[in-house]
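Asker: Submitted below is the structure of interest, expressed as structure tokens.
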Amino acid sequence: MITNSLKRETVKKLKVLIHQLAESNIENIVSSGFSEITEAEIREELRYYPGKMTLPPNAAYQNWEEEIDIYEVGYEAPPNYEGTFNLYYDGEQSDLTLKFNIYVENDNEISIKIRDLDVM
């Protein structure tokens, strides 16, 4: 069940991850375990997209089903949930989408990991 608490915690973690992406701290993302794809795969996807990745406005993190979405997985967990978030380039919402997995730990803490980057 997707609760408001899960949404809030996901947004907190997502803000940190997207800040790292916007700062091109890809090596740190991968070495810290926040990605299920390699550094080379992340860099390759980002290289295809023109412009400069920028931080989204705070409102983007509250625009559910338009810019951010979480859904329950249709197979046996983990991950427990999957999500998507539209990334921003040059201050505008882009069609480059961050796909991520959400893992709920034993103590109900969550972690998120990059699953893919896709143009949608």
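Chain labels follow the order of the structure tokens: the first chain is A, the next B, and so on; residue numbering restarts at 1 in every chain, and ligands are counted from 1 in their shown order.
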Which residues come within 7 Å of Tyr103 in chain A, counting only C-alpha atoms, excluding same-chain residues fewer than 5 positions away, as a PyMOL selection string?

Answerer: chain A and resi 78-81+110-112

Asker: Might you pull out every residue within 12 Å of Gly51 in chain A, with only C-alpha atoms counted and same-chain residues fewer than 4 positions away left off, and present them as a PyMOL selection string?

Answerer: chain A and resi 22+46-47+87-94+96

Asker: Could you write out the selected residues, including C-alpha atoms, as a CSV table (one decimal), in the first residue's frame?

Answerer:
```
chain,number,residue,atom,x,y,z
A,22,ALA,CA,22.6,17.3,-11.4
A,46,LEU,CA,22.9,11.4,-19.8
A,47,ARG,CA,25.3,12.1,-22.7
A,87,LEU,CA,14.2,15.1,-14.8
A,88,TYR,CA,14.8,18.8,-15.5
A,89,TYR,CA,17.2,20.2,-18.1
A,90,ASP,CA,18.0,23.9,-18.4
A,91,GLY,CA,15.3,24.7,-15.9
A,92,GLU,CA,12.5,22.9,-17.7
A,93,GLN,CA,10.8,19.6,-17.3
A,94,SER,CA,12.3,17.2,-19.8
A,96,LEU,CA,14.1,12.1,-19.7
```

Asker: Tell me, as an MDAnalysis selection string, which residues lie within 12 Å of Asn101 in chain A, counting only C-alpha atoms; anything in the same chain fewer than 2 positions away does not count.

Answerer: chainID A and resid 10 13:14 34:37 69:73 77:85 98:99 103:104 110:116

Asker: Just to be explicit: take each residue in the selection above, keep N, CA and C atoms, and write the result as a short mmCIF file (atom, residue, chain, number, x, y, z; two decimals), in the first residue's frame.

Answerer:
```cif
data_model
loop_
_atom_site.label_atom_id
_atom_site.label_comp_id
_atom_site.auth_asym_id
_atom_site.auth_seq_id
_atom_site.Cartn_x
_atom_site.Cartn_y
_atom_site.Cartn_z
N THR A 10 10.17 8.79 0.22
CA THR A 10 10.70 8.65 -1.14
C THR A 10 11.17 10.00 -1.66
N LYS A 13 14.57 11.00 -0.15
CA LYS A 13 15.68 10.25 -0.75
C LYS A 13 15.90 10.66 -2.21
N LEU A 14 14.81 10.89 -2.91
CA LEU A 14 14.89 11.26 -4.32
C LEU A 14 15.58 12.61 -4.51
N PHE A 34 23.45 3.41 -4.72
CA PHE A 34 22.18 4.03 -5.08
C PHE A 34 21.80 3.80 -6.54
N SER A 35 22.43 2.80 -7.17
CA SER A 35 22.12 2.50 -8.56
C SER A 35 22.22 1.01 -8.82
N GLU A 36 21.32 0.55 -9.67
CA GLU A 36 21.37 -0.84 -10.11
C GLU A 36 21.95 -0.94 -11.51
N ILE A 37 22.32 0.20 -12.08
CA ILE A 37 23.01 0.21 -13.37
C ILE A 37 24.39 0.81 -13.14
N ASP A 69 5.83 9.41 -9.74
CA ASP A 69 4.85 8.36 -9.56
C ASP A 69 5.51 7.19 -8.85
N ILE A 70 4.73 6.52 -8.02
CA ILE A 70 5.17 5.31 -7.33
C ILE A 70 4.09 4.26 -7.55
N TYR A 71 4.49 3.04 -7.80
CA TYR A 71 3.51 1.98 -7.96
C TYR A 71 4.06 0.70 -7.36
N GLU A 72 3.14 -0.16 -6.95
CA GLU A 72 3.54 -1.44 -6.38
C GLU A 72 4.01 -2.35 -7.50
N VAL A 73 4.99 -3.17 -7.21
CA VAL A 73 5.51 -4.08 -8.22
C VAL A 73 4.51 -5.23 -8.42
N ALA A 77 8.47 -9.22 -4.29
CA ALA A 77 9.47 -8.24 -3.83
C ALA A 77 10.73 -8.97 -3.40
N PRO A 78 11.88 -8.33 -3.31
CA PRO A 78 12.14 -6.92 -3.57
C PRO A 78 12.38 -6.63 -5.04
N PRO A 79 12.33 -5.42 -5.50
CA PRO A 79 11.96 -4.24 -4.74
C PRO A 79 10.48 -4.26 -4.37
N ASN A 80 10.13 -3.44 -3.41
CA ASN A 80 8.76 -3.38 -2.96
C ASN A 80 7.90 -2.48 -3.84
N TYR A 81 8.52 -1.42 -4.35
CA TYR A 81 7.82 -0.46 -5.21
C TYR A 81 8.77 0.00 -6.30
N GLU A 82 8.18 0.53 -7.37
CA GLU A 82 8.96 1.17 -8.42
C GLU A 82 8.43 2.58 -8.58
N GLY A 83 9.26 3.44 -9.15
CA GLY A 83 8.82 4.81 -9.34
C GLY A 83 9.46 5.45 -10.55
N THR A 84 8.90 6.59 -10.93
CA THR A 84 9.45 7.38 -12.02
C THR A 84 9.43 8.85 -11.62
N PHE A 85 10.38 9.59 -12.19
CA PHE A 85 10.44 11.03 -11.96
C PHE A 85 10.99 11.68 -13.21
N LEU A 98 13.78 9.39 -14.86
CA LEU A 98 14.51 8.55 -13.92
C LEU A 98 13.56 7.47 -13.45
N LYS A 99 13.94 6.22 -13.66
CA LYS A 99 13.17 5.09 -13.15
C LYS A 99 13.94 4.55 -11.95
N TYR A 103 13.07 0.11 -1.94
CA TYR A 103 13.20 -1.05 -1.06
C TYR A 103 12.80 -0.64 0.34
N VAL A 104 11.92 -1.42 0.96
CA VAL A 104 11.53 -1.17 2.34
C VAL A 104 12.31 -2.15 3.21
N ILE A 110 13.41 3.24 4.07
CA ILE A 110 13.43 2.92 2.64
C ILE A 110 14.76 3.31 2.03
N SER A 111 15.07 2.66 0.94
CA SER A 111 16.20 3.07 0.11
C SER A 111 15.70 3.07 -1.33
N ILE A 112 16.29 3.96 -2.12
CA ILE A 112 15.94 3.99 -3.54
C ILE A 112 17.20 3.79 -4.36
N LYS A 113 17.01 3.16 -5.51
CA LYS A 113 18.13 2.89 -6.40
C LYS A 113 17.69 3.14 -7.84
N ILE A 114 18.58 3.74 -8.60
CA ILE A 114 18.31 3.97 -10.02
C ILE A 114 18.15 2.63 -10.72
N ARG A 115 17.07 2.49 -11.46
CA ARG A 115 16.83 1.30 -12.25
C ARG A 115 17.18 1.56 -13.72
N ASP A 116 16.87 2.79 -14.17
CA ASP A 116 17.11 3.12 -15.58
C ASP A 116 16.88 4.60 -15.80
#
```

Asker: Could you give me the residues within range 18-76 of chain A that DSSP places in alpha helix (DSSP H), as a list in words?

Answerer: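 Selecting the alpha helix (DSSP H) positions of range 18-76 of chain A gives Ile18, His19, Gln20, Leu21, Ala22, Ile26, Glu27, Asn28, Ile29, Val30, Ser31, Glu39, Ala40, Glu41, Ile42, Arg43, Glu44, Glu45, Leu46, Arg47 and Tyr48 of chain A.
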
Asker: Would you mind reading off the distance between CA of Leu117 in chain A and CA of Thr97 in chain A, one decimal, in Å?

Answerer: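 Between CA of Leu117 in chain A and CA of Thr97 in chain A the gap works out to 5.6 Å.
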
Asker: Going by DSSP on the backbone, which bits of chain A are strand (DSSP E)? Write them as a PyMOL selection string, please.

Answerer: chain A and resi 53-54+68-72+81-89+92-104+110-119

Asker: Find the residues around Tyr61 in chain A up to 9 Å (only C-alpha atoms counted), leave out those fewer than 2 positions away in its own chain, and share them as a list in words.

Answerer: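 Contacts, in chain order: Val11, Leu14, Lys15, Pro56, Pro57, Asn58, Ala59, Asn63, Trp64, Glu67, Ile68 and Phe85 of chain A.
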
Asker: How many Å lie between CA of Glu105 in chain A and CA of Thr3 in chain A, rounded to one decimal?

Answerer: 15.5 Å

Asker: Tell me, in Å to one decimal, how far CA of Glu27 in chain A is from CA of Glu41 in chain A.

Answerer: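 Interatomic distance, CA of Glu27 in chain A to CA of Glu41 in chain A: 11.4 Å.
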
Asker: Identify, on the basis of only C-alpha atoms, every residue whose closest approach to Ser24 in chain A does not exceed 12 Å; exclude the query and any residue fewer than 6 positions from it along the same chain; express the result as a list of chain:residue names.

Answerer: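 Here the qualifying residues turn out to be A:Leu17, A:Ile18, A:Val30, A:Glu39, A:Ile42, A:Arg43, A:Leu46, A:Arg47, A:Lys52, A:Met53, A:Thr54, A:Leu55.
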
Asker: Those same residues - all heavy atoms - I'd like them written as a short mmCIF file (atom, residue, chain, number, x, y, z; two decimals), in the first residue's frame.

Answerer:
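Listing of result_27.cif after writing:
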```
data_model
loop_
_atom_site.label_atom_id
_atom_site.label_comp_id
_atom_site.auth_asym_id
_atom_site.auth_seq_id
_atom_site.Cartn_x
_atom_site.Cartn_y
_atom_site.Cartn_z
N LEU A 17 19.27 12.08 -4.34
CA LEU A 17 19.75 11.38 -5.54
C LEU A 17 19.78 12.31 -6.75
O LEU A 17 20.76 12.36 -7.49
CB LEU A 17 18.86 10.16 -5.81
CG LEU A 17 19.24 9.31 -7.01
CD1 LEU A 17 20.65 8.75 -6.87
CD2 LEU A 17 18.23 8.19 -7.18
N ILE A 18 18.73 13.08 -6.94
CA ILE A 18 18.68 13.97 -8.10
C ILE A 18 19.71 15.09 -7.97
O ILE A 18 20.31 15.50 -8.97
CB ILE A 18 17.25 14.50 -8.31
CG1 ILE A 18 16.37 13.34 -8.78
CG2 ILE A 18 17.22 15.66 -9.31
CD1 ILE A 18 14.91 13.62 -8.86
N VAL A 30 26.94 5.46 -7.67
CA VAL A 30 27.15 4.02 -7.88
C VAL A 30 27.91 3.40 -6.71
O VAL A 30 27.52 2.35 -6.19
CB VAL A 30 27.88 3.79 -9.22
CG1 VAL A 30 28.25 2.32 -9.39
CG2 VAL A 30 27.00 4.26 -10.39
N GLU A 39 27.97 2.99 -13.67
CA GLU A 39 28.35 4.38 -13.92
C GLU A 39 28.37 4.66 -15.42
O GLU A 39 27.87 5.69 -15.88
CB GLU A 39 29.71 4.68 -13.29
CG GLU A 39 30.17 6.10 -13.50
CD GLU A 39 31.53 6.37 -12.88
OE1 GLU A 39 32.07 5.52 -12.14
OE2 GLU A 39 32.06 7.47 -13.15
N ILE A 42 24.85 5.02 -16.81
CA ILE A 42 24.24 6.31 -16.44
C ILE A 42 24.83 7.42 -17.30
O ILE A 42 24.09 8.23 -17.88
CB ILE A 42 24.46 6.61 -14.95
CG1 ILE A 42 23.71 5.61 -14.07
CG2 ILE A 42 24.00 8.04 -14.62
CD1 ILE A 42 24.04 5.68 -12.61
N ARG A 43 26.14 7.45 -17.39
CA ARG A 43 26.79 8.51 -18.19
C ARG A 43 26.38 8.44 -19.66
O ARG A 43 26.17 9.47 -20.29
CB ARG A 43 28.32 8.41 -18.05
CG ARG A 43 28.80 8.82 -16.67
CD ARG A 43 30.32 8.95 -16.61
NE ARG A 43 30.77 9.18 -15.26
CZ ARG A 43 30.70 10.33 -14.60
NH1 ARG A 43 30.17 11.37 -15.19
NH2 ARG A 43 31.14 10.43 -13.37
N LEU A 46 22.86 9.93 -20.00
CA LEU A 46 22.88 11.38 -19.80
C LEU A 46 23.55 12.09 -20.97
O LEU A 46 23.16 13.21 -21.32
CB LEU A 46 23.58 11.74 -18.48
CG LEU A 46 22.88 11.24 -17.21
CD1 LEU A 46 23.72 11.61 -15.98
CD2 LEU A 46 21.47 11.80 -17.10
N ARG A 47 24.53 11.46 -21.57
CA ARG A 47 25.26 12.05 -22.68
C ARG A 47 24.36 12.24 -23.91
O ARG A 47 24.53 13.15 -24.69
CB ARG A 47 26.46 11.18 -23.02
CG ARG A 47 27.46 11.81 -23.94
CD ARG A 47 28.76 11.02 -24.12
NE ARG A 47 28.73 9.60 -23.81
CZ ARG A 47 29.34 9.04 -22.76
NH1 ARG A 47 30.07 9.77 -21.94
NH2 ARG A 47 29.27 7.75 -22.55
N LYS A 52 21.83 20.98 -19.93
CA LYS A 52 22.42 20.73 -18.62
C LYS A 52 21.31 20.35 -17.64
O LYS A 52 20.30 21.04 -17.53
CB LYS A 52 23.14 21.99 -18.12
CG LYS A 52 23.72 21.83 -16.72
CD LYS A 52 24.59 22.99 -16.33
CE LYS A 52 25.08 22.95 -14.90
NZ LYS A 52 25.30 21.69 -14.28
N MET A 53 21.53 19.24 -16.93
CA MET A 53 20.56 18.84 -15.93
C MET A 53 20.54 19.87 -14.81
O MET A 53 21.59 20.31 -14.34
CB MET A 53 20.88 17.46 -15.36
CG MET A 53 19.79 16.97 -14.40
SD MET A 53 20.17 15.40 -13.60
CE MET A 53 20.25 14.32 -14.99
N THR A 54 19.34 20.27 -14.42
CA THR A 54 19.17 21.24 -13.34
C THR A 54 18.24 20.64 -12.28
O THR A 54 17.53 19.67 -12.55
CB THR A 54 18.57 22.56 -13.87
OG1 THR A 54 17.38 22.28 -14.61
CG2 THR A 54 19.56 23.28 -14.77
N LEU A 55 18.26 21.24 -11.11
CA LEU A 55 17.38 20.76 -10.04
C LEU A 55 15.95 21.16 -10.36
O LEU A 55 15.69 22.27 -10.81
CB LEU A 55 17.80 21.36 -8.70
CG LEU A 55 19.15 20.89 -8.16
CD1 LEU A 55 19.49 21.63 -6.88
CD2 LEU A 55 19.16 19.39 -7.93
#
```
